[in-house]
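Here is the file protein-v5.cif (mmCIF, C-alpha atoms).
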data_protein
#
loop_
_atom_site.label_atom_id
_atom_site.label_comp_id
_atom_site.auth_asym_id
_atom_site.auth_seq_id
_atom_site.Cartn_x
_atom_site.Cartn_y
_atom_site.Cartn_z
CA MET J 1474 2.49 25.66 -36.08
CA THR J 1475 4.88 22.73 -36.67
CA SER J 1476 4.31 19.23 -35.37
CA THR J 1477 7.13 19.78 -32.86
CA ASP J 1478 5.49 22.94 -31.55
CA SER J 1479 2.18 21.12 -31.30
CA ALA J 1480 3.74 18.29 -29.31
CA ALA J 1481 5.43 20.74 -26.96
CA THR J 1482 2.12 22.52 -26.40
CA GLU J 1483 0.43 19.23 -25.56
CA ILE J 1484 3.18 17.94 -23.29
CA SER J 1485 3.62 21.16 -21.33
CA PRO J 1486 0.34 21.13 -19.35
CA ARG J 1487 0.78 17.41 -18.67
CA SER J 1488 4.31 17.76 -17.29
CA GLN J 1489 3.49 20.87 -15.28
CA ALA J 1490 0.39 19.28 -13.78
CA GLN J 1491 2.35 16.08 -13.02
CA ARG J 1492 4.86 18.00 -10.90
CA ARG J 1493 2.09 19.64 -8.89
CA VAL J 1494 0.19 16.38 -8.50
CA LEU J 1495 3.27 14.55 -7.21
CA THR J 1496 3.98 17.36 -4.72
CA VAL J 1497 0.47 17.18 -3.27
CA LEU J 1498 0.43 13.38 -3.22
CA VAL J 1499 3.81 13.25 -1.48
CA THR J 1500 2.55 15.60 1.24
CA ALA J 1501 -0.60 13.54 1.80
CA GLN J 1502 1.36 10.28 1.84
CA VAL J 1503 3.73 11.53 4.52
CA LEU J 1504 0.72 12.19 6.74
CA SER J 1505 -1.16 9.01 5.91
CA GLY J 1506 1.95 6.91 6.40
CA ALA J 1507 1.89 7.74 10.10
CA GLY J 1508 -1.73 6.60 10.32
CA LEU J 1509 -1.02 3.41 8.40
CA ALA J 1510 1.99 2.34 10.47
CA ALA J 1511 0.46 3.19 13.84
CA GLY J 1512 -2.21 0.54 13.50
CA ILE J 1513 0.22 -2.06 12.22
CA THR J 1514 2.43 -1.66 15.28
CA VAL J 1515 -0.11 -2.25 18.05
CA GLY J 1516 -3.23 -3.68 16.40
CA ALA J 1517 -2.35 -7.29 17.18
CA LEU J 1518 -1.20 -6.42 20.70
CA LEU J 1519 -4.44 -4.55 21.41
CA ALA J 1520 -6.54 -7.51 20.28
CA GLN J 1521 -4.41 -9.93 22.28
CA ASP J 1522 -4.80 -7.75 25.37
CA MET J 1523 -8.58 -7.40 25.01
CA LEU J 1524 -9.26 -11.01 24.01
CA GLY J 1525 -6.58 -12.77 26.03
CA SER J 1526 -5.77 -15.04 23.08
CA THR J 1527 -2.75 -15.28 20.78
CA GLY J 1528 -4.74 -17.33 18.27
CA LEU J 1529 -6.91 -14.32 17.46
CA ALA J 1530 -4.09 -11.77 17.50
CA GLY J 1531 -4.01 -11.83 13.71
CA LEU J 1532 -7.68 -10.83 13.54
CA PRO J 1533 -7.06 -7.03 13.55
CA SER J 1534 -4.84 -7.31 10.48
CA ALA J 1535 -7.43 -9.51 8.80
CA LEU J 1536 -10.23 -7.07 9.63
CA PHE J 1537 -8.61 -3.87 8.45
CA THR J 1538 -7.33 -5.56 5.30
CA ALA J 1539 -10.83 -6.93 4.67
CA GLY J 1540 -12.15 -3.43 5.23
CA SER J 1541 -9.59 -2.15 2.78
CA ALA J 1542 -11.03 -4.52 0.17
CA LEU J 1543 -14.41 -2.83 0.35
CA ALA J 1544 -12.74 0.57 0.45
CA ALA J 1545 -10.64 -0.26 -2.62
CA VAL J 1546 -13.80 -0.88 -4.64
CA THR J 1547 -15.47 2.28 -3.35
CA VAL J 1548 -12.43 4.52 -3.81
CA GLY J 1549 -11.81 3.07 -7.26
CA ARG J 1550 -15.40 3.63 -8.42
CA MET J 1551 -15.56 7.11 -6.90
CA SER J 1552 -12.27 8.01 -8.57
CA GLN J 1553 -13.56 6.65 -11.88
CA ALA J 1554 -16.69 8.79 -11.67
CA ARG J 1555 -15.44 11.95 -9.96
CA GLY J 1556 -11.65 11.87 -10.09
CA ARG J 1557 -8.81 10.94 -7.75
CA ARG J 1558 -9.29 13.96 -5.47
CA SER J 1559 -12.78 12.94 -4.34
CA GLY J 1560 -11.99 9.25 -4.07
CA LEU J 1561 -8.77 9.57 -2.09
CA ALA J 1562 -10.02 12.29 0.28
CA ALA J 1563 -13.16 10.30 1.10
CA GLY J 1564 -11.13 7.15 1.73
CA TYR J 1565 -8.86 8.86 4.25
CA LEU J 1566 -11.80 10.40 6.09
CA VAL J 1567 -13.40 6.97 6.49
CA GLY J 1568 -10.07 5.63 7.79
CA ALA J 1569 -10.02 8.42 10.36
CA VAL J 1570 -13.49 7.41 11.55
CA GLY J 1571 -12.20 3.86 12.00
CA GLY J 1572 -9.20 5.06 14.01
CA ALA J 1573 -11.46 7.03 16.34
CA GLY J 1574 -13.66 3.95 16.68
CA VAL J 1575 -10.71 1.82 17.80
CA VAL J 1576 -9.95 4.35 20.54
CA ALA J 1577 -13.57 4.31 21.67
CA ALA J 1578 -13.57 0.49 21.69
CA ALA J 1579 -10.44 0.40 23.83
CA VAL J 1580 -11.96 2.85 26.32
CA ALA J 1581 -15.18 0.82 26.50
CA ASP J 1582 -13.27 -2.50 26.47
CA ASN J 1583 -15.69 -3.64 23.77
CA PRO J 1584 -14.23 -6.27 21.39
CA VAL J 1585 -17.24 -6.11 19.01
CA LEU J 1586 -16.81 -2.36 18.55
CA LEU J 1587 -13.07 -2.93 18.14
CA PHE J 1588 -13.65 -5.36 15.27
CA ILE J 1589 -16.10 -3.04 13.52
CA ALA J 1590 -13.76 -0.07 13.93
CA LEU J 1591 -10.77 -2.01 12.61
CA PHE J 1592 -12.79 -2.96 9.55
CA VAL J 1593 -13.59 0.71 8.90
CA TYR J 1594 -9.99 1.70 9.68
CA GLY J 1595 -8.93 -0.41 6.69
CA ALA J 1596 -10.14 2.35 4.37
CA GLY J 1597 -7.03 4.34 5.23
CA SER J 1598 -4.76 1.49 4.17
CA ALA J 1599 -6.63 1.01 0.89
CA THR J 1600 -6.50 4.72 0.11
CA ASN J 1601 -2.80 4.91 0.89
CA LEU J 1602 -2.18 2.23 -1.74
CA GLN J 1603 -4.63 3.69 -4.28
CA ALA J 1604 -2.69 6.97 -4.22
CA ARG J 1605 0.19 5.30 -6.08
CA TYR J 1606 -2.02 5.00 -9.15
CA ALA J 1607 -2.75 8.73 -9.06
CA GLY J 1608 0.97 9.39 -9.35
CA ALA J 1609 1.11 7.50 -12.64
CA ASP J 1610 -1.99 8.95 -14.34
CA LEU J 1611 -0.10 11.78 -16.05
CA ALA J 1612 3.31 10.08 -16.26
CA ALA J 1613 4.92 9.14 -19.57
CA PRO J 1614 4.97 5.35 -20.17
CA ASP J 1615 8.75 5.12 -19.63
CA ARG J 1616 8.51 6.98 -16.31
CA ARG J 1617 5.52 5.27 -14.70
CA GLY J 1618 7.64 3.11 -12.44
CA ARG J 1619 9.39 6.18 -11.08
CA ALA J 1620 6.11 8.06 -10.67
CA VAL J 1621 4.62 5.20 -8.66
CA SER J 1622 7.77 4.95 -6.57
CA THR J 1623 7.77 8.68 -5.80
CA VAL J 1624 4.34 8.39 -4.19
CA LEU J 1625 5.30 5.22 -2.33
CA VAL J 1626 8.53 6.62 -0.89
CA ALA J 1627 6.63 9.56 0.59
CA THR J 1628 4.94 7.12 2.95
CA THR J 1629 8.33 6.36 4.49
CA LEU J 1630 8.63 9.42 6.71
CA GLY J 1631 5.24 8.98 8.35
CA GLY J 1632 5.64 5.21 8.34
CA VAL J 1633 8.92 5.38 10.23
CA VAL J 1634 7.92 8.14 12.62
CA GLY J 1635 4.55 6.57 13.49
CA PRO J 1636 5.78 3.32 15.10
CA ASN J 1637 8.52 5.15 16.97
CA LEU J 1638 5.88 7.36 18.58
CA THR J 1639 4.24 4.31 20.16
CA SER J 1640 5.50 5.12 23.66
CA LEU J 1641 4.78 8.84 23.34
CA THR J 1642 1.24 8.36 22.04
CA GLY J 1643 0.72 5.68 24.69
CA ASP J 1644 1.70 8.17 27.39
CA LEU J 1645 -0.65 10.75 25.89
CA ALA J 1646 -3.49 8.23 25.81
CA HIS J 1647 -2.83 7.25 29.43
CA ALA J 1648 -2.93 10.90 30.46
CA LEU J 1649 -6.33 11.19 28.75
CA GLY J 1650 -7.65 8.09 30.51
CA ILE J 1651 -7.34 5.90 27.41
CA PRO J 1652 -5.55 2.52 27.32
CA ARG J 1653 -1.93 2.94 26.22
CA LEU J 1654 -2.21 0.57 23.26
CA ALA J 1655 -4.91 2.78 21.77
CA GLY J 1656 -2.54 5.76 21.69
CA PRO J 1657 -1.21 5.14 18.15
CA PHE J 1658 -4.78 5.13 16.85
CA LEU J 1659 -5.16 8.70 18.13
CA LEU J 1660 -2.24 9.58 15.87
CA ALA J 1661 -3.79 7.62 13.00
CA THR J 1662 -7.06 9.53 13.27
CA VAL J 1663 -5.40 12.93 13.15
CA ALA J 1664 -3.01 11.88 10.36
CA TYR J 1665 -5.79 10.57 8.10
CA VAL J 1666 -7.90 13.71 8.57
CA ALA J 1667 -4.90 15.88 7.66
CA ALA J 1668 -4.17 13.80 4.55
CA ALA J 1669 -7.79 14.10 3.43
CA LEU J 1670 -7.72 17.89 3.80
CA VAL J 1671 -4.49 18.20 1.81
CA LEU J 1672 -5.97 16.25 -1.09
CA ALA J 1673 -9.38 17.92 -1.00
CA ILE J 1674 -7.89 21.41 -1.06
CA TRP J 1675 -4.78 21.13 -3.25
CA LEU J 1676 -5.08 18.14 -5.63
CA ARG J 1677 -6.02 20.38 -8.55
CA PRO J 1678 -6.09 19.67 -11.43
CA ASP J 1679 -7.30 16.17 -10.84
CA PRO J 1680 -4.69 13.86 -12.45
CA LEU J 1681 -7.10 11.24 -13.77
CA LEU J 1682 -9.60 13.71 -15.21
CA LEU J 1683 -6.86 15.76 -16.86
CA ALA J 1684 -5.19 12.63 -18.25
CA ARG J 1685 -8.49 11.62 -19.85
CA THR J 1686 -8.91 15.05 -21.43
CA LEU J 1687 -5.38 15.08 -22.84
CA ASP J 1688 -5.69 11.49 -24.01
CA THR J 1689 -8.93 12.25 -25.87
CA GLU J 1690 -7.38 15.29 -27.55
CA GLN J 1691 -4.34 13.28 -28.61
CA SER J 1692 -6.50 10.43 -29.95
CA LEU J 1693 -8.56 12.85 -32.04
CA GLY J 1694 -5.39 14.51 -33.34
CA ASN J 1695 -3.95 11.15 -34.36
CA GLY J 1696 -7.17 9.97 -35.95
CA THR J 1697 -7.58 7.08 -33.52
CA THR J 1698 -10.64 6.26 -31.47
CA SER J 1699 -11.04 5.34 -27.85
CA ALA J 1700 -12.74 2.11 -28.97
CA GLU J 1701 -9.59 1.06 -30.82
CA GLU J 1702 -7.44 1.86 -27.81
CA THR J 1703 -9.78 -0.08 -25.51
CA ALA J 1704 -9.73 -3.08 -27.83
CA SER J 1705 -5.93 -3.00 -27.82
CA ALA J 1706 -5.93 -2.92 -24.02
CA ARG J 1707 -8.31 -5.88 -23.86
CA GLY J 1708 -5.92 -7.80 -26.05
CA ARG J 1709 -3.37 -7.43 -23.28
CA SER J 1710 -5.68 -8.57 -20.49
CA ALA J 1711 -3.10 -11.11 -19.39
CA GLY J 1712 -1.13 -8.14 -18.09
CA VAL J 1713 -3.86 -7.39 -15.55
CA VAL J 1714 -3.79 -10.99 -14.33
CA LEU J 1715 -0.01 -10.98 -14.12
CA GLY J 1716 0.19 -7.69 -12.23
CA ALA J 1717 -2.54 -8.78 -9.82
CA LEU J 1718 -0.90 -12.16 -9.14
CA ILE J 1719 2.42 -10.56 -8.32
CA MET J 1720 0.88 -8.12 -5.87
CA VAL J 1721 -1.47 -10.68 -4.30
CA LEU J 1722 1.32 -13.13 -3.47
CA THR J 1723 3.67 -10.48 -2.11
CA GLN J 1724 0.89 -8.96 0.01
CA LEU J 1725 -0.14 -12.33 1.45
CA VAL J 1726 3.38 -13.22 2.54
CA MET J 1727 4.25 -9.76 3.83
CA VAL J 1728 1.13 -9.29 5.95
CA ALA J 1729 1.30 -12.78 7.46
CA ILE J 1730 4.88 -12.44 8.71
CA MET J 1731 4.64 -8.76 9.64
CA THR J 1732 1.45 -9.17 11.68
CA MET J 1733 2.82 -11.74 14.09
CA THR J 1734 6.33 -10.32 14.51
CA PRO J 1735 5.33 -7.87 17.32
CA VAL J 1736 3.42 -10.68 19.07
CA HIS J 1737 6.41 -13.01 18.68
CA MET J 1738 8.71 -10.38 20.16
CA HIS J 1739 6.30 -9.59 23.00
CA ASP J 1740 6.05 -13.28 23.91
CA HIS J 1741 9.84 -13.42 24.21
CA GLY J 1742 10.16 -10.45 26.54
CA HIS J 1743 10.79 -7.59 24.11
CA THR J 1744 9.20 -4.21 24.81
CA THR J 1745 6.72 -2.37 22.59
CA THR J 1746 9.52 0.11 21.87
CA ALA J 1747 11.62 -2.73 20.44
CA SER J 1748 8.77 -4.06 18.33
CA GLY J 1749 8.01 -0.49 17.24
CA PHE J 1750 11.61 -0.16 16.06
CA VAL J 1751 11.44 -3.40 14.07
CA ILE J 1752 8.17 -2.37 12.44
CA ALA J 1753 9.64 1.06 11.67
CA VAL J 1754 12.56 -0.62 9.91
CA HIS J 1755 10.09 -2.81 8.04
CA VAL J 1756 7.93 0.12 6.92
CA ALA J 1757 11.02 2.06 5.84
CA ALA J 1758 12.08 -0.90 3.72
CA MET J 1759 8.58 -1.10 2.27
CA PHE J 1760 8.76 2.42 0.88
CA LEU J 1761 12.26 3.94 1.09
CA PRO J 1762 13.79 1.88 -1.77
CA SER J 1763 10.96 2.97 -4.11
CA PRO J 1764 12.96 5.47 -6.22
CA LEU J 1765 15.53 2.79 -7.02
CA THR J 1766 12.85 0.16 -7.54
CA GLY J 1767 10.97 2.42 -9.94
CA ARG J 1768 14.09 3.10 -11.97
CA LEU J 1769 14.90 -0.60 -12.13
CA ALA J 1770 11.37 -1.39 -13.33
CA ASP J 1771 11.56 1.29 -16.02
CA ARG J 1772 15.05 0.36 -17.16
CA TYR J 1773 15.20 -3.43 -16.88
CA GLY J 1774 11.53 -4.35 -17.09
CA ARG J 1775 8.74 -5.23 -14.70
CA ILE J 1776 9.27 -9.00 -14.88
CA LYS J 1777 12.85 -8.99 -13.62
CA VAL J 1778 11.87 -6.82 -10.66
CA ALA J 1779 8.99 -9.19 -9.85
CA VAL J 1780 11.37 -12.17 -9.86
CA ALA J 1781 13.67 -10.30 -7.47
CA SER J 1782 10.64 -9.81 -5.20
CA GLY J 1783 10.03 -13.53 -4.80
CA ILE J 1784 13.67 -14.27 -4.04
CA THR J 1785 13.92 -11.44 -1.48
CA LEU J 1786 10.77 -12.59 0.33
CA LEU J 1787 12.18 -16.11 0.57
CA ALA J 1788 15.35 -14.75 2.19
CA ALA J 1789 13.22 -12.75 4.63
CA GLY J 1790 11.23 -15.80 5.66
CA ILE J 1791 14.31 -17.93 6.23
CA LEU J 1792 16.03 -15.26 8.34
CA ALA J 1793 12.92 -14.55 10.42
CA ALA J 1794 12.46 -18.27 11.08
CA THR J 1795 16.04 -18.77 12.24
CA ALA J 1796 16.57 -15.49 14.14
CA PRO J 1797 17.48 -15.89 17.83
CA THR J 1798 14.51 -15.01 20.03
CA ASP J 1799 16.62 -12.86 22.38
CA SER J 1800 17.99 -10.59 19.65
CA VAL J 1801 16.25 -7.68 17.93
CA ALA J 1802 18.79 -7.07 15.14
CA PRO J 1803 18.23 -10.27 13.09
CA LEU J 1804 14.46 -9.74 13.18
CA ALA J 1805 14.95 -6.15 12.07
CA VAL J 1806 17.01 -7.33 9.10
CA ALA J 1807 14.42 -10.00 8.27
CA LEU J 1808 11.59 -7.47 8.38
CA ALA J 1809 13.67 -5.10 6.25
CA LEU J 1810 14.01 -7.81 3.61
CA LEU J 1811 10.29 -8.51 3.94
CA GLY J 1812 9.52 -4.86 3.25
CA LEU J 1813 11.92 -4.71 0.32
CA GLY J 1814 10.44 -7.83 -1.28
CA TRP J 1815 6.97 -6.35 -0.95
CA ASN J 1816 8.15 -3.08 -2.49
CA LEU J 1817 9.67 -4.83 -5.49
CA GLY J 1818 6.46 -6.76 -6.10
CA LEU J 1819 4.17 -3.78 -5.62
CA VAL J 1820 6.08 -1.45 -7.95
CA ALA J 1821 6.41 -4.11 -10.65
CA GLY J 1822 2.77 -5.18 -10.41
CA THR J 1823 1.45 -1.60 -10.33
CA ALA J 1824 3.49 -0.65 -13.39
CA ILE J 1825 2.19 -3.68 -15.28
CA ILE J 1826 -1.42 -2.80 -14.43
CA THR J 1827 -0.97 0.86 -15.39
CA ASP J 1828 0.72 -0.10 -18.67
CA THR J 1829 -2.15 -2.40 -19.54
CA VAL J 1830 -5.39 -0.68 -18.56
CA PRO J 1831 -6.76 2.23 -20.66
CA LEU J 1832 -7.71 5.51 -19.00
CA ALA J 1833 -11.39 4.94 -19.74
CA THR J 1834 -11.56 2.12 -17.18
CA ARG J 1835 -8.30 2.56 -15.29
CA ALA J 1836 -9.49 3.63 -11.82
CA LYS J 1837 -12.27 1.04 -11.68
CA THR J 1838 -9.93 -1.78 -12.71
CA GLN J 1839 -7.22 -0.65 -10.33
CA GLY J 1840 -9.76 -0.64 -7.50
CA MET J 1841 -10.79 -4.21 -8.30
CA VAL J 1842 -7.16 -5.32 -8.41
CA ASP J 1843 -6.59 -3.77 -5.00
CA VAL J 1844 -9.58 -5.74 -3.71
CA SER J 1845 -7.73 -8.95 -4.48
CA ILE J 1846 -4.64 -7.54 -2.77
CA ALA J 1847 -6.68 -6.63 0.30
CA ILE J 1848 -8.27 -10.08 0.43
CA ALA J 1849 -4.82 -11.63 0.25
CA GLY J 1850 -3.72 -9.42 3.12
CA ALA J 1851 -6.79 -10.35 5.16
CA THR J 1852 -6.12 -14.03 4.55
CA GLY J 1853 -2.49 -13.66 5.57
CA GLY J 1854 -3.38 -11.70 8.70
CA LEU J 1855 -6.06 -14.11 9.86
CA ALA J 1856 -4.07 -17.25 9.08
CA SER J 1857 -0.92 -15.90 10.72
CA GLY J 1858 -2.33 -16.02 14.25
CA LEU J 1859 -3.71 -19.51 13.77
CA VAL J 1860 -0.41 -20.81 12.37
CA VAL J 1861 1.62 -19.29 15.20
CA ALA J 1862 -0.77 -20.65 17.84
CA ALA J 1863 -0.58 -24.13 16.31
CA SER J 1864 3.03 -24.37 15.14
CA GLY J 1865 4.97 -21.27 16.16
CA TYR J 1866 6.39 -18.17 14.49
CA PRO J 1867 9.34 -19.91 12.74
CA VAL J 1868 6.94 -22.18 10.85
CA LEU J 1869 4.90 -19.18 9.76
CA ALA J 1870 7.96 -17.27 8.56
CA LEU J 1871 9.46 -20.21 6.68
CA THR J 1872 6.14 -21.14 5.06
CA GLY J 1873 5.65 -17.56 3.94
CA GLY J 1874 9.10 -17.42 2.41
CA ILE J 1875 8.53 -20.60 0.43
CA LEU J 1876 5.09 -19.43 -0.68
CA ALA J 1877 6.67 -16.28 -2.10
CA LEU J 1878 8.41 -18.40 -4.70
CA ALA J 1879 4.99 -19.05 -6.25
CA VAL J 1880 5.57 -15.65 -7.88
CA LEU J 1881 8.00 -17.31 -10.28
CA PRO J 1882 5.72 -19.93 -11.92
CA ALA J 1883 2.88 -17.38 -11.89
CA ILE J 1884 5.06 -15.01 -13.90
CA ALA J 1885 6.11 -17.74 -16.31
CA ALA J 1886 2.58 -19.05 -16.86
CA THR J 1887 0.93 -15.66 -17.28
CA ALA J 1888 3.73 -14.02 -19.26
CA SER J 1889 3.53 -16.82 -21.83
CA ARG J 1890 -0.03 -15.76 -22.67
CA ARG J 1891 0.77 -12.06 -23.14
#

As structure tokens:
Amino acid sequence: MTSTDSAATEISPRSQAQRRVLTVLVTAQVLSGAGLAAGITVGALLAQDMLGSTGLAGLPSALFTAGSALAAVTVGRMSQARGRRSGLAAGYLVGAVGGAGVVAAAVADNPVLLFIALFVYGAGSATNLQARYAGADLAAPDRRGRAVSTVLVATTLGGVVGPNLTSLTGDLAHALGIPRLAGPFLLATVAYVAAALVLAIWLRPDPLLLARTLDTEQSLGNGTTSAEETASARGRSAGVVLGALIMVLTQLVMVAIMTMTPVHMHDHGHTTTASGFVIAVHVAAMFLPSPLTGRLADRYGRIKVAVASGITLLAAGILAATAPTDSVAPLAVALALLGLGWNLGLVAGTAIITDTVPLATRAKTQGMVDVSIAIAGATGGLASGLVVAASGYPVLALTGGILALAVLPAIAATASRR
């Protein structure tokens, strides 16, 4: 057998498995996207209604992003030990439990139960993000950006449909004797359960476990050892820091502005349907550009895409701060830019992390990185309500846009050490 034949034999199972893995992940992401977006749309409004305070309206976002931090660690470690299938399916099931808990809290009018349930609900958000790593496990190095983006874009359909079902799910909840604002969490519960079942049944072979097997076989065939590969990866540890910094800053800014936009619109007389539309546009912009973003990251490099992220987020903050309060369109454009800036940062940062970390420790490291992202989101969500209560939404939006520019010196400082 020639070396070419040997290479073709090795590549074939990888490429075939990658196509199947992406198909299953895309299906699960469509479902989970509906669950993810539903909570974003009405979480702050539900808390404001139950607590009677705008200052604490950012607390739901802070809680489910804090919950996603714990879930990121758990999903990452479970994936490291047992593969992506077990880790992702378990994460979505926990998110479904949280969604059901929010509904129960709304029925009982119990804020303490609401906070606990929102914390648990965060597992769905963490799992939705962790799935992007599974898409890159079997991808060739020059196609990792596109693999990540394929998984991300699948969230778009559910993410756009979910917020636009706010009125319908509210009517369903009302018919069942449940507060209207809890309706989207009914959808979230069902969507997360469905995503978990899809992964548990069809994500075979497991992408991470198969990638490890193929990587070991290739290393033995080339006469290299896993220890040498691990040492090489450690020598590029600055890449982990860089990727994490990019994603942390973009997550902080995005969550802060996004969380308070429905509250801002509600306070100025806009309906939940209008805020649902704006959030739907935002979620679409978070995920729909992913195929283009992935190609740009693969072709022009991760750093240039990360720089574009900071600039786009600044534009979003400025537009949101100056948008007329009686008009939906400018806010929709601002939230679209906010979603796009987040997407650019997430794809670039994820690709950097995947390029850097060896398979032997990949899932565990990725989980820890997503913890920092979740903490950033929790900080942004909690601070957003306090800033709006003290200074107003325009100050929050403008501050977030300026903060996004911190991506640029972070890139320069960290890239210089790589």

Given the point (-14.2, -4.4, 28.0) in the coordinates of this file, which residues lie within 12 Å, counting all atoms listed in the file, and how would they look as a PDB file with C-alpha atoms, keeping the file's coordinate frame?
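Okay, point12.pdb is ready:
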ATOM      1  CA  LEU J1519      -4.440  -4.550  21.410  1.00  0.00           C
ATOM      2  CA  ALA J1520      -6.540  -7.510  20.280  1.00  0.00           C
ATOM      3  CA  ASP J1522      -4.800  -7.750  25.370  1.00  0.00           C
ATOM      4  CA  MET J1523      -8.580  -7.400  25.010  1.00  0.00           C
ATOM      5  CA  LEU J1524      -9.260 -11.010  24.010  1.00  0.00           C
ATOM      6  CA  GLY J1525      -6.580 -12.770  26.030  1.00  0.00           C
ATOM      7  CA  ALA J1577     -13.570   4.310  21.670  1.00  0.00           C
ATOM      8  CA  ALA J1578     -13.570   0.490  21.690  1.00  0.00           C
ATOM      9  CA  ALA J1579     -10.440   0.400  23.830  1.00  0.00           C
ATOM     10  CA  VAL J1580     -11.960   2.850  26.320  1.00  0.00           C
ATOM     11  CA  ALA J1581     -15.180   0.820  26.500  1.00  0.00           C
ATOM     12  CA  ASP J1582     -13.270  -2.500  26.470  1.00  0.00           C
ATOM     13  CA  ASN J1583     -15.690  -3.640  23.770  1.00  0.00           C
ATOM     14  CA  PRO J1584     -14.230  -6.270  21.390  1.00  0.00           C
ATOM     15  CA  VAL J1585     -17.240  -6.110  19.010  1.00  0.00           C
ATOM     16  CA  LEU J1586     -16.810  -2.360  18.550  1.00  0.00           C
ATOM     17  CA  LEU J1587     -13.070  -2.930  18.140  1.00  0.00           C
ATOM     18  CA  PRO J1652      -5.550   2.520  27.320  1.00  0.00           C
TER      19      PRO J1652
END

Take atom CA of Gly1749 of chain J and atom CA of Leu1659 of chain J and report the distance between them in Å, one decimal. 16.1 Å

Residues picked by the PyMOL selection byres ((chain J and resi 1783-1789) around 9) here, as an NGL selection string? :J and (1719 or 1722-1723 or 1726-1727 or 1779-1782 or 1790-1794 or 1806-1815 or 1817-1818 or 1870-1871 or 1873-1881)

For the selection just defined, write its residues with C-alpha atoms to a file, as a short mmCIF file (atom, residue, chain, number, x, y, z; two decimals), in the frame of the given file.
data_model
loop_
_atom_site.label_atom_id
_atom_site.label_comp_id
_atom_site.auth_asym_id
_atom_site.auth_seq_id
_atom_site.Cartn_x
_atom_site.Cartn_y
_atom_site.Cartn_z
CA ILE J 1719 2.42 -10.56 -8.32
CA LEU J 1722 1.32 -13.13 -3.47
CA THR J 1723 3.67 -10.48 -2.11
CA VAL J 1726 3.38 -13.22 2.54
CA MET J 1727 4.25 -9.76 3.83
CA ALA J 1779 8.99 -9.19 -9.85
CA VAL J 1780 11.37 -12.17 -9.86
CA ALA J 1781 13.67 -10.30 -7.47
CA SER J 1782 10.64 -9.81 -5.20
CA GLY J 1790 11.23 -15.80 5.66
CA ILE J 1791 14.31 -17.93 6.23
CA LEU J 1792 16.03 -15.26 8.34
CA ALA J 1793 12.92 -14.55 10.42
CA ALA J 1794 12.46 -18.27 11.08
CA VAL J 1806 17.01 -7.33 9.10
CA ALA J 1807 14.42 -10.00 8.27
CA LEU J 1808 11.59 -7.47 8.38
CA ALA J 1809 13.67 -5.10 6.25
CA LEU J 1810 14.01 -7.81 3.61
CA LEU J 1811 10.29 -8.51 3.94
CA GLY J 1812 9.52 -4.86 3.25
CA LEU J 1813 11.92 -4.71 0.32
CA GLY J 1814 10.44 -7.83 -1.28
CA TRP J 1815 6.97 -6.35 -0.95
CA LEU J 1817 9.67 -4.83 -5.49
CA GLY J 1818 6.46 -6.76 -6.10
CA ALA J 1870 7.96 -17.27 8.56
CA LEU J 1871 9.46 -20.21 6.68
CA GLY J 1873 5.65 -17.56 3.94
CA GLY J 1874 9.10 -17.42 2.41
CA ILE J 1875 8.53 -20.60 0.43
CA LEU J 1876 5.09 -19.43 -0.68
CA ALA J 1877 6.67 -16.28 -2.10
CA LEU J 1878 8.41 -18.40 -4.70
CA ALA J 1879 4.99 -19.05 -6.25
CA VAL J 1880 5.57 -15.65 -7.88
CA LEU J 1881 8.00 -17.31 -10.28
#

Which of J:Ser1864, J:Thr1852, J:Thr1746, J:Gln1502 sits closest to Ser1622 of chain J [using only C-alpha atoms]: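 Ranking J:Ser1864, J:Thr1852, J:Thr1746, J:Gln1502 by distance to Ser1622 of chain J, first place goes to J:Gln1502.
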
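Using only C-alpha atoms for every distance, the candidate list J:Val1713, J:Thr1745, J:Leu1804, J:Ala1569 yields J:Thr1745 as the residue closest to Leu1641 of chain J.
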
Can you work out the spacing between atom CA of Phe1592 of chain J and atom CA of Ala1821 of chain J in Å, to one decimal? 27.9 Å

Using atom CA of Gly1540 of chain J and atom CA of Ser1748 of chain J as the two end points, give the distance in Å to one decimal.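 These atoms are spaced 24.7 Å apart.
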
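Against this structure, the PyMOL selection byres ((chain J and resi 1506) around 8) ends up with J:Gln1502, J:Val1503, J:Leu1504, J:Ser1505, J:Ala1507, J:Gly1508, J:Leu1509, J:Ala1510, J:Asn1601, J:Ala1627, J:Thr1628, J:Thr1629, J:Leu1630, J:Gly1631, J:Gly1632, J:Gly1635.
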
Please write as a list in words the full residue list that the PyMOL selection byres ((chain J and resi 1857) around 7) yields on this file.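 After applying the PyMOL selection byres ((chain J and resi 1857) around 7), what remains is Gly1531, Ala1729, Met1733, Gly1853, Gly1854, Leu1855, Ala1856, Gly1858, Leu1859, Val1860, Val1861 and Leu1869 of chain J.
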
So that I have them on file, write out the residues from the current selection with C-alpha atoms, as a short mmCIF file (atom, residue, chain, number, x, y, z; two decimals), in the coordinates of the input.
data_model
loop_
_atom_site.label_atom_id
_atom_site.label_comp_id
_atom_site.auth_asym_id
_atom_site.auth_seq_id
_atom_site.Cartn_x
_atom_site.Cartn_y
_atom_site.Cartn_z
CA GLY J 1531 -4.01 -11.83 13.71
CA ALA J 1729 1.30 -12.78 7.46
CA MET J 1733 2.82 -11.74 14.09
CA GLY J 1853 -2.49 -13.66 5.57
CA GLY J 1854 -3.38 -11.70 8.70
CA LEU J 1855 -6.06 -14.11 9.86
CA ALA J 1856 -4.07 -17.25 9.08
CA GLY J 1858 -2.33 -16.02 14.25
CA LEU J 1859 -3.71 -19.51 13.77
CA VAL J 1860 -0.41 -20.81 12.37
CA VAL J 1861 1.62 -19.29 15.20
CA LEU J 1869 4.90 -19.18 9.76
#
